[in-house]
file my_file29.txt (compact mmCIF, C-alpha atoms)
# COMPACT_ATOMS: atom_id res chain seq x y z
CA MET A 1 -7.57 -15.68 -3.87
CA ALA A 2 -7.29 -16.42 -0.16
CA ALA A 3 -10.67 -16.79 1.47
CA LEU A 4 -10.88 -14.68 4.60
CA SER A 5 -11.84 -16.42 7.82
CA ASP A 6 -14.90 -15.17 9.64
CA VAL A 7 -12.60 -13.72 12.30
CA ALA A 8 -10.53 -11.87 9.70
CA ARG A 9 -13.72 -10.53 8.14
CA GLU A 10 -14.84 -9.28 11.52
CA VAL A 11 -11.49 -7.54 12.08
CA LEU A 12 -11.70 -5.85 8.69
CA GLU A 13 -15.20 -4.54 9.38
CA SER A 14 -14.59 -3.29 12.91
CA GLY A 15 -13.26 0.20 12.29
CA HIS A 16 -9.50 -0.41 12.54
CA LEU A 17 -7.42 1.94 10.42
CA ALA A 18 -5.82 0.24 7.43
CA HIS A 19 -2.27 0.99 6.34
CA LEU A 20 -2.37 0.67 2.56
CA ALA A 21 0.91 0.10 0.72
CA THR A 22 1.12 0.51 -3.05
CA ILE A 23 3.96 1.02 -5.53
CA ASN A 24 4.83 4.47 -6.88
CA PRO A 25 5.78 5.03 -10.54
CA ASP A 26 9.46 5.10 -9.50
CA GLY A 27 9.12 1.71 -7.77
CA SER A 28 9.21 3.08 -4.23
CA PRO A 29 6.59 2.17 -1.62
CA GLN A 30 3.67 4.49 -0.94
CA VAL A 31 1.70 4.21 2.30
CA THR A 32 -1.51 5.95 3.31
CA LEU A 33 -4.04 5.22 6.02
CA VAL A 34 -7.60 4.55 4.97
CA TRP A 35 -10.96 3.41 6.23
CA ILE A 36 -11.90 -0.04 5.00
CA GLY A 37 -14.85 -2.36 4.81
CA LEU A 38 -15.81 -5.50 2.92
CA GLU A 39 -17.96 -5.99 -0.15
CA GLY A 40 -18.24 -9.69 -0.83
CA ASP A 41 -14.68 -10.99 -0.72
CA GLU A 42 -13.05 -7.64 -1.53
CA ILE A 43 -11.57 -5.15 0.92
CA VAL A 44 -12.93 -1.77 -0.12
CA SER A 45 -12.07 1.88 0.52
CA GLY A 46 -13.79 4.99 -0.84
CA HIS A 47 -12.06 8.02 -2.35
CA LEU A 48 -13.64 11.26 -3.55
CA GLY A 49 -10.56 12.26 -5.57
CA ASP A 50 -8.27 10.35 -7.92
CA HIS A 51 -5.42 10.00 -5.43
CA LEU A 52 -1.89 8.74 -6.05
CA LYS A 53 -2.74 5.35 -4.49
CA LEU A 54 -5.49 4.85 -7.08
CA ARG A 55 -3.22 5.80 -9.96
CA ASN A 56 -0.59 3.48 -8.48
CA VAL A 57 -2.80 0.38 -8.44
CA ARG A 58 -4.11 1.02 -11.94
CA ARG A 59 -0.51 0.70 -13.09
CA ASP A 60 0.59 -2.01 -10.60
CA PRO A 61 -2.24 -3.81 -8.76
CA ARG A 62 -0.05 -5.36 -6.07
CA ALA A 63 -1.07 -3.91 -2.72
CA VAL A 64 -0.80 -4.70 0.98
CA VAL A 65 -3.24 -3.79 3.74
CA SER A 66 -2.09 -4.02 7.37
CA VAL A 67 -4.36 -3.56 10.36
CA GLU A 68 -3.78 -3.54 14.11
CA SER A 69 -6.70 -5.56 15.35
CA GLY A 70 -6.61 -5.04 19.12
CA GLY A 71 -5.71 -7.54 21.81
CA ARG A 72 -2.42 -9.25 22.60
CA THR A 73 -0.93 -12.72 22.76
CA ASN A 74 2.16 -13.17 24.94
CA GLY A 75 2.52 -9.40 24.97
CA LEU A 76 2.50 -9.11 21.19
CA ASP A 77 -0.16 -6.89 19.66
CA HIS A 78 -2.50 -8.58 17.22
CA TYR A 79 -2.40 -7.54 13.59
CA LEU A 80 -3.19 -8.74 10.10
CA VAL A 81 -1.15 -8.21 6.95
CA ILE A 82 -3.07 -8.94 3.77
CA ARG A 83 -1.43 -9.06 0.37
CA GLY A 84 -3.75 -8.71 -2.53
CA THR A 85 -4.57 -7.51 -5.99
CA ALA A 86 -6.28 -4.15 -6.30
CA ARG A 87 -8.61 -2.62 -8.82
CA VAL A 88 -10.42 0.71 -8.99
CA THR A 89 -14.04 1.22 -9.94
CA GLU A 90 -15.69 4.58 -10.63
CA GLY A 91 -18.49 5.99 -8.51
CA GLY A 92 -19.97 4.81 -5.23
CA ALA A 93 -17.49 6.53 -2.94
CA PRO A 94 -20.02 8.72 -1.05
CA GLU A 95 -22.23 5.76 -0.21
CA LEU A 96 -19.28 3.65 0.91
CA LEU A 97 -17.73 6.51 2.90
CA GLN A 98 -21.06 7.13 4.64
CA ARG A 99 -21.28 3.48 5.59
CA LEU A 100 -17.69 3.51 6.88
CA ALA A 101 -18.21 6.84 8.69
CA HIS A 102 -20.84 5.11 10.79
CA VAL A 103 -18.24 2.49 11.76
CA TYR A 104 -15.21 4.79 12.17
CA LEU A 105 -16.80 8.01 13.42
CA GLY A 106 -20.17 7.13 14.91
CA PRO A 107 -23.71 6.12 14.07
CA ASP A 108 -24.98 9.69 13.81
CA VAL A 109 -22.25 11.14 11.59
CA THR A 110 -23.07 12.45 8.13
CA PHE A 111 -20.10 12.15 5.82
CA PRO A 112 -19.36 13.12 3.15
CA PRO A 113 -21.60 16.20 2.79
CA PRO A 114 -24.41 16.07 0.20
CA GLY A 115 -23.29 16.75 -3.34
CA ALA A 116 -19.93 14.96 -3.07
CA PRO A 117 -18.62 13.60 -6.38
CA GLY A 118 -19.06 9.90 -7.16
CA GLY A 119 -15.33 9.34 -6.72
CA TYR A 120 -13.75 5.91 -6.77
CA VAL A 121 -13.79 2.65 -4.87
CA LEU A 122 -10.53 0.77 -4.38
CA ARG A 123 -11.14 -2.99 -4.22
CA ILE A 124 -8.53 -5.45 -3.03
CA THR A 125 -8.87 -9.20 -3.51
CA PRO A 126 -6.95 -10.88 -0.66
CA GLU A 127 -4.28 -13.34 -1.70
CA ARG A 128 -2.35 -14.03 1.47
CA VAL A 129 -3.08 -13.36 5.12
CA SER A 130 -0.36 -13.25 7.77
CA GLY A 131 0.13 -11.60 11.13
CA VAL A 132 -0.33 -12.30 14.82
CA GLY A 133 -3.56 -13.26 16.59
CA PRO A 134 -7.09 -14.11 15.50
CA GLY A 135 -7.92 -14.05 11.82
CA VAL A 136 -4.50 -15.11 10.57
CA GLU A 137 -5.54 -18.67 9.81
CA THR A 138 -7.40 -19.08 6.52
CA PRO A 139 -10.45 -21.35 6.40
CA MET B 140 16.99 14.27 5.47
CA ALA B 141 13.90 15.62 7.18
CA ALA B 142 14.60 16.57 10.77
CA LEU B 143 12.00 15.07 13.07
CA SER B 144 10.13 17.43 15.36
CA ASP B 145 10.31 16.80 19.08
CA VAL B 146 6.70 15.64 18.98
CA ALA B 147 7.43 13.18 16.16
CA ARG B 148 10.43 11.88 18.09
CA GLU B 149 8.23 11.35 21.13
CA VAL B 150 5.67 9.44 19.05
CA LEU B 151 8.38 7.21 17.61
CA GLU B 152 9.74 6.35 21.04
CA SER B 153 6.42 5.69 22.76
CA GLY B 154 5.84 2.04 21.94
CA HIS B 155 3.50 2.34 18.96
CA LEU B 156 3.79 -0.52 16.48
CA ALA B 157 5.42 0.47 13.21
CA HIS B 158 4.15 -0.78 9.87
CA LEU B 159 7.30 -1.12 7.75
CA ALA B 160 6.92 -1.17 3.97
CA THR B 161 9.80 -2.26 1.74
CA ILE B 162 10.10 -3.46 -1.85
CA ASN B 163 10.37 -7.14 -2.70
CA PRO B 164 12.72 -8.44 -5.44
CA ASP B 165 9.73 -8.66 -7.80
CA GLY B 166 8.84 -5.00 -7.15
CA SER B 167 5.81 -5.74 -4.99
CA PRO B 168 5.31 -4.13 -1.58
CA GLN B 169 6.25 -6.03 1.58
CA VAL B 170 4.82 -4.99 4.94
CA THR B 171 5.72 -6.23 8.41
CA LEU B 172 5.06 -4.83 11.86
CA VAL B 173 8.05 -4.02 14.01
CA TRP B 174 9.08 -2.37 17.25
CA ILE B 175 10.95 0.88 16.69
CA GLY B 176 13.03 3.39 18.57
CA LEU B 177 15.41 6.22 17.72
CA GLU B 178 19.17 6.37 17.63
CA GLY B 179 20.21 9.90 16.82
CA ASP B 180 18.17 10.87 13.78
CA GLU B 181 17.57 7.29 12.61
CA ILE B 182 14.50 5.13 13.23
CA VAL B 183 15.84 1.76 14.34
CA SER B 184 14.49 -1.78 14.65
CA GLY B 185 16.30 -4.91 15.80
CA HIS B 186 16.24 -8.31 14.10
CA LEU B 187 17.84 -11.55 15.26
CA GLY B 188 17.58 -13.16 11.82
CA ASP B 189 18.30 -11.92 8.31
CA HIS B 190 14.67 -11.39 7.35
CA LEU B 191 13.24 -10.57 3.93
CA LYS B 192 12.78 -6.92 4.91
CA LEU B 193 16.52 -6.63 5.56
CA ARG B 194 17.43 -8.27 2.27
CA ASN B 195 14.91 -5.98 0.59
CA VAL B 196 16.44 -2.74 1.85
CA ARG B 197 19.98 -3.83 1.04
CA ARG B 198 18.83 -4.06 -2.57
CA ASP B 199 16.42 -1.07 -2.53
CA PRO B 200 16.76 1.26 0.47
CA ARG B 201 13.45 3.05 -0.06
CA ALA B 202 11.22 2.34 2.92
CA VAL B 203 8.14 3.73 4.65
CA VAL B 204 7.25 3.55 8.33
CA SER B 205 3.68 4.31 9.42
CA VAL B 206 2.54 4.58 13.01
CA GLU B 207 -0.83 5.16 14.66
CA SER B 208 0.05 7.63 17.37
CA GLY B 209 -3.09 7.78 19.50
CA GLY B 210 -5.56 10.61 19.86
CA ARG B 211 -7.95 12.13 17.35
CA THR B 212 -8.64 15.44 15.63
CA ASN B 213 -12.16 15.96 14.29
CA GLY B 214 -12.76 12.23 14.68
CA LEU B 215 -9.70 11.30 12.61
CA ASP B 216 -7.10 9.09 14.28
CA HIS B 217 -3.62 10.55 14.50
CA TYR B 218 -0.84 8.88 12.56
CA LEU B 219 2.54 9.51 11.02
CA VAL B 220 3.84 8.24 7.69
CA ILE B 221 7.59 8.59 7.31
CA ARG B 222 9.38 7.95 4.06
CA GLY B 223 13.06 7.32 4.36
CA THR B 224 16.21 5.60 3.27
CA ALA B 225 17.15 2.41 5.07
CA ARG B 226 20.43 0.68 5.80
CA VAL B 227 21.31 -2.45 7.75
CA THR B 228 24.15 -2.80 10.23
CA GLU B 229 25.37 -6.05 11.76
CA GLY B 230 25.15 -6.82 15.46
CA GLY B 231 23.48 -4.94 18.29
CA ALA B 232 20.03 -6.47 17.89
CA PRO B 233 19.78 -8.04 21.37
CA GLU B 234 20.67 -4.77 23.11
CA LEU B 235 18.22 -2.78 20.99
CA LEU B 236 15.46 -5.38 21.37
CA GLN B 237 15.94 -5.40 25.15
CA ARG B 238 15.63 -1.61 25.21
CA LEU B 239 12.50 -1.76 23.05
CA ALA B 240 11.03 -4.65 25.06
CA HIS B 241 11.03 -2.34 28.08
CA VAL B 242 8.97 0.15 26.07
CA TYR B 243 6.67 -2.30 24.27
CA LEU B 244 6.28 -5.10 26.82
CA GLY B 245 7.13 -3.67 30.22
CA PRO B 246 9.99 -2.49 32.43
CA ASP B 247 10.60 -5.93 33.93
CA VAL B 248 10.67 -7.98 30.73
CA THR B 249 13.83 -9.80 29.68
CA PHE B 250 13.96 -10.19 25.91
CA PRO B 251 15.62 -11.69 23.98
CA PRO B 252 16.92 -14.55 26.13
CA PRO B 253 20.66 -14.62 26.93
CA GLY B 254 22.82 -16.00 24.13
CA ALA B 255 20.80 -14.53 21.27
CA PRO B 256 22.82 -13.87 18.13
CA GLY B 257 24.04 -10.34 17.36
CA GLY B 258 21.58 -10.06 14.50
CA TYR B 259 21.00 -6.85 12.59
CA VAL B 260 19.77 -3.32 13.13
CA LEU B 261 17.64 -1.69 10.44
CA ARG B 262 18.21 2.07 10.36
CA ILE B 263 15.94 4.46 8.50
CA THR B 264 16.88 8.08 7.85
CA PRO B 265 13.61 10.04 7.60
CA GLU B 266 13.11 12.06 4.43
CA ARG B 267 9.50 13.11 4.54
CA VAL B 268 6.91 13.15 7.31
CA SER B 269 3.17 13.26 6.63
CA GLY B 270 0.01 12.20 8.42
CA VAL B 271 -2.62 13.59 10.74
CA GLY B 272 -2.10 15.12 14.18
CA PRO B 273 0.93 16.08 16.27
CA GLY B 274 4.39 15.45 14.85
CA VAL B 275 3.48 15.95 11.21
CA GLU B 276 5.02 19.41 11.00
CA THR B 277 8.80 19.42 10.56
CA PRO B 278 10.87 21.90 12.56
call {"tool": "encode", "arguments": {"input": "my_file29.txt", "output": "structure tokens"}}
result
Amino acid sequence: MAALSDVAREVLESGHLAHLATINPDGSPQVTLVWIGLEGDEIVSGHLGDHLKLRNVRRDPRAVVSVESGGRTNGLDHYLVIRGTARVTEGGAPELLQRLAHVYLGPDVTFPPPGAPGGYVLRITPERVSGVGPGVETP
Amino acid sequence: MAALSDVAREVLESGHLAHLATINPDGSPQVTLVWIGLEGDEIVSGHLGDHLKLRNVRRDPRAVVSVESGGRTNGLDHYLVIRGTARVTEGGAPELLQRLAHVYLGPDVTFPPPGAPGGYVLRITPERVSGVGPGVETP
């Protein structure tokens, strides 16, 4: 496990879209964009349905999250690329999505609507952090 | 091949960073951020060195490019995810990088410096376009 620096943690909790890459059954890359947050040392995303990305990481847990973090150094946009190992837990998606909706959509937003299924939480343990700008260095 | 809509073409030529996912020799996903442009129907990026991503696509040409394209619909950020087949050609990187530097850095920027090696151009033929917002629909 690579411990995340405080700066990296701040980036990952600041409402930047995450590009999530996983491996399809045929070995090809799959990419979707997701909301993320942190729970302890794991990067988490909430999913009401059992999407392809979740089925992918149950079979092959190797995943990459990349995030454009805002700001520039020498004209180059800042970003983080985090390789990690993913796991899926059942339930808790509505609560996580509501927490993330406040970050990504606004403090007054209600999402998902009441009665949403428990869904799934995707949890990624960071193993390597690279990129450009603040948060790349590990503590 | 999936023909790109005019809107998708505009997004891909507007200086948005591209998250490029390829497959490592061990089958894990690799993600780097690159500048992109279009040449005909191919998404192109220029590289002065023979990076891992280039070696990856020579072995397994399946690649995904994802781009945050700006704007929102119902609070959701617009983005494109483009699956495609990649190939690498030799030479031409300095000219392409100079063209892209004008888009990504500014009209007065000189990059790379004179005397840069010919390098490589990564060329991705789009096969499927998905995402949220303008450019997702194919013509």
call {"tool": "residues_around", "arguments": {"input": "my_file29.txt", "residues": "B:Gly274", "least_positions_apart": "2", "cutoff": "12 Å", "atoms": "only C-alpha atoms", "output": "PyMOL selection string"}}
result
chain B and resi 142-151+206-209+217-221+267-272+276-278
call {"tool": "closest_residue", "arguments": {"input": "my_file29.txt", "among": "A:Pro126, A:Gly106, A:Gly118, A:Gly91", "to": "chain B", "atoms": "all atoms listed in the file"}}
result
A:Gly106
call {"tool": "closest_residue", "arguments": {"input": "my_file29.txt", "among": "A:Ile43, A:Leu76, A:Val88, A:Val57", "to": "chain B", "atoms": "all atoms listed in the file"}}
result
A:Leu76
call {"tool": "residues_near_point", "arguments": {"input": "my_file29.txt", "point": "(7.8, -3.0, -4.0)", "cutoff": "12 Å", "atoms": "only C-alpha atoms", "output": "ChimeraX atom specification"}}
result
/A:21-31,56-57,60-64,83 /B:159-170,192,195-196,198-203
call {"tool": "residues_around", "arguments": {"input": "my_file29.txt", "residues": "A:Glu39", "least_positions_apart": "2", "cutoff": "12 Å", "atoms": "all atoms listed in the file", "output": "list in words"}}
result
Arg9, Leu12, Glu13, Ile36, Gly37, Asp41, Glu42, Ile43, Val44, Ser45, Gly46, Leu96, Arg99, Leu100, Val121, Leu122, Arg123, Ile124 and Thr125 of chain A
call {"tool": "residues_around", "arguments": {"input": "my_file29.txt", "residues": "B:Tyr259", "least_positions_apart": "5", "cutoff": "8 Å", "atoms": "all atoms listed in the file", "output": "ChimeraX atom specification"}}
result
/B:185-189,227-232
call {"tool": "closest_residue", "arguments": {"input": "my_file29.txt", "among": "B:Pro256, B:Gly179, B:Gly154, B:Gly214", "to": "chain A", "atoms": "all atoms listed in the file"}}
result
B:Gly214
call {"tool": "residues_near_point", "arguments": {"input": "my_file29.txt", "point": "(-5.3, 3.7, 7.6)", "cutoff": "6 Å", "atoms": "only C-alpha atoms", "output": "PDB file with C-alpha atoms, in the frame of the given file"}}
result
ATOM      1  CA  LEU A  17      -7.420   1.940  10.420  1.00  0.00           C
ATOM      2  CA  ALA A  18      -5.820   0.240   7.430  1.00  0.00           C
ATOM      3  CA  HIS A  19      -2.270   0.990   6.340  1.00  0.00           C
ATOM      4  CA  LEU A  33      -4.040   5.220   6.020  1.00  0.00           C
ATOM      5  CA  VAL A  34      -7.600   4.550   4.970  1.00  0.00           C
ATOM      6  CA  TRP A  35     -10.960   3.410   6.230  1.00  0.00           C
TER       7      TRP A  35
END
call {"tool": "closest_residue", "arguments": {"input": "my_file29.txt", "among": "B:Pro246, B:Asp216, B:His190, B:Arg226", "to": "chain A", "atoms": "all atoms listed in the file"}}
result
B:Asp216
call {"tool": "residues_around", "arguments": {"input": "my_file29.txt", "residues": "B:Phe250", "least_positions_apart": "5", "cutoff": "9 Å", "atoms": "only C-alpha atoms", "output": "PyMOL selection string"}}
result
chain B and resi 233+236-238+240-241
call {"tool": "atom_distance", "arguments": {"input": "my_file29.txt", "atom1": "atom CA of B:Pro251", "atom2": "atom CA of B:Leu191"}}
result
20.2 Å
call {"tool": "atom_distance", "arguments": {"input": "my_file29.txt", "atom1": "atom CA of B:Leu244", "atom2": "atom CA of B:Leu177"}}
result
17.2 Å
call {"tool": "atom_distance", "arguments": {"input": "my_file29.txt", "atom1": "atom CA of B:Ala141", "atom2": "atom CA of B:Arg197"}}
result
21.3 Å
call {"tool": "closest_residue", "arguments": {"input": "my_file29.txt", "among": "A:Glu95, A:Tyr104, A:Leu54, A:His16", "to": "A:Ser66", "atoms": "all atoms listed in the file"}}
result
A:His16
call {"tool": "closest_residue", "arguments": {"input": "my_file29.txt", "among": "A:Val103, A:Ala116, A:Met1, A:Val65", "to": "chain B", "atoms": "all atoms listed in the file"}}
result
A:Val65
call {"tool": "build_atoms", "arguments": {"input": "my_file29.txt", "residues": "stretch 214-239 of chain B", "atoms": "N, CA and C atoms", "output": "mmCIF file, in the coordinates of the input"}}
result
data_model
loop_
_atom_site.group_PDB
_atom_site.id
_atom_site.type_symbol
_atom_site.label_atom_id
_atom_site.label_comp_id
_atom_site.auth_asym_id
_atom_site.auth_seq_id
_atom_site.Cartn_x
_atom_site.Cartn_y
_atom_site.Cartn_z
ATOM 1 N N GLY B 214 -12.357 13.614 14.898
ATOM 2 C CA GLY B 214 -12.760 12.230 14.680
ATOM 3 C C GLY B 214 -11.735 11.402 13.918
ATOM 4 N N LEU B 215 -10.692 12.041 13.385
ATOM 5 C CA LEU B 215 -9.700 11.300 12.610
ATOM 6 C C LEU B 215 -8.541 10.880 13.500
ATOM 7 N N ASP B 216 -8.215 9.600 13.477
ATOM 8 C CA ASP B 216 -7.100 9.090 14.280
ATOM 9 C C ASP B 216 -5.788 9.708 13.827
ATOM 10 N N HIS B 217 -4.947 9.989 14.792
ATOM 11 C CA HIS B 217 -3.620 10.550 14.500
ATOM 12 C C HIS B 217 -2.680 9.459 13.999
ATOM 13 N N TYR B 218 -1.865 9.817 13.029
ATOM 14 C CA TYR B 218 -0.840 8.880 12.560
ATOM 15 C C TYR B 218 0.285 9.643 11.867
ATOM 16 N N LEU B 219 1.389 8.978 11.759
ATOM 17 C CA LEU B 219 2.540 9.510 11.020
ATOM 18 C C LEU B 219 2.920 8.520 9.924
ATOM 19 N N VAL B 220 3.248 9.047 8.764
ATOM 20 C CA VAL B 220 3.840 8.240 7.690
ATOM 21 C C VAL B 220 5.194 8.860 7.366
ATOM 22 N N ILE B 221 6.239 8.072 7.477
ATOM 23 C CA ILE B 221 7.590 8.590 7.310
ATOM 24 C C ILE B 221 8.292 7.828 6.201
ATOM 25 N N ARG B 222 8.582 8.542 5.136
ATOM 26 C CA ARG B 222 9.380 7.950 4.060
ATOM 27 C C ARG B 222 10.845 8.144 4.373
ATOM 28 N N GLY B 223 11.643 7.167 4.059
ATOM 29 C CA GLY B 223 13.060 7.320 4.360
ATOM 30 C C GLY B 223 13.927 6.374 3.573
ATOM 31 N N THR B 224 15.202 6.448 3.895
ATOM 32 C CA THR B 224 16.210 5.600 3.270
ATOM 33 C C THR B 224 16.785 4.689 4.350
ATOM 34 N N ALA B 225 16.776 3.390 4.055
ATOM 35 C CA ALA B 225 17.150 2.410 5.070
ATOM 36 C C ALA B 225 18.523 1.816 4.799
ATOM 37 N N ARG B 226 19.182 1.447 5.889
ATOM 38 C CA ARG B 226 20.430 0.680 5.800
ATOM 39 C C ARG B 226 20.408 -0.357 6.907
ATOM 40 N N VAL B 227 21.258 -1.371 6.767
ATOM 41 C CA VAL B 227 21.310 -2.450 7.750
ATOM 42 C C VAL B 227 22.729 -2.516 8.294
ATOM 43 N N THR B 228 22.842 -2.568 9.624
ATOM 44 C CA THR B 228 24.150 -2.800 10.230
ATOM 45 C C THR B 228 24.124 -4.122 10.981
ATOM 46 N N GLU B 229 25.288 -4.735 11.090
ATOM 47 C CA GLU B 229 25.370 -6.050 11.760
ATOM 48 C C GLU B 229 25.602 -5.899 13.246
ATOM 49 N N GLY B 230 24.949 -6.790 14.011
ATOM 50 C CA GLY B 230 25.150 -6.820 15.460
ATOM 51 C C GLY B 230 24.262 -5.803 16.162
ATOM 52 N N GLY B 231 24.201 -5.938 17.484
ATOM 53 C CA GLY B 231 23.480 -4.940 18.290
ATOM 54 C C GLY B 231 22.003 -5.201 18.467
ATOM 55 N N ALA B 232 21.472 -6.235 17.799
ATOM 56 C CA ALA B 232 20.030 -6.470 17.890
ATOM 57 C C ALA B 232 19.575 -6.821 19.312
ATOM 58 N N PRO B 233 20.277 -7.699 20.029
ATOM 59 C CA PRO B 233 19.780 -8.040 21.370
ATOM 60 C C PRO B 233 19.679 -6.825 22.290
ATOM 61 N N GLU B 234 20.689 -5.957 22.249
ATOM 62 C CA GLU B 234 20.670 -4.770 23.110
ATOM 63 C C GLU B 234 19.504 -3.855 22.729
ATOM 64 N N LEU B 235 19.329 -3.644 21.428
ATOM 65 C CA LEU B 235 18.220 -2.780 20.990
ATOM 66 C C LEU B 235 16.877 -3.419 21.336
ATOM 67 N N LEU B 236 16.735 -4.711 21.073
ATOM 68 C CA LEU B 236 15.460 -5.380 21.370
ATOM 69 C C LEU B 236 15.154 -5.340 22.870
ATOM 70 N N GLN B 237 16.181 -5.485 23.709
ATOM 71 C CA GLN B 237 15.940 -5.400 25.150
ATOM 72 C C GLN B 237 15.458 -3.992 25.523
ATOM 73 N N ARG B 238 16.076 -2.978 24.928
ATOM 74 C CA ARG B 238 15.630 -1.610 25.210
ATOM 75 C C ARG B 238 14.179 -1.419 24.760
ATOM 76 N N LEU B 239 13.858 -1.922 23.572
ATOM 77 C CA LEU B 239 12.500 -1.760 23.050
ATOM 78 C C LEU B 239 11.500 -2.631 23.821
#
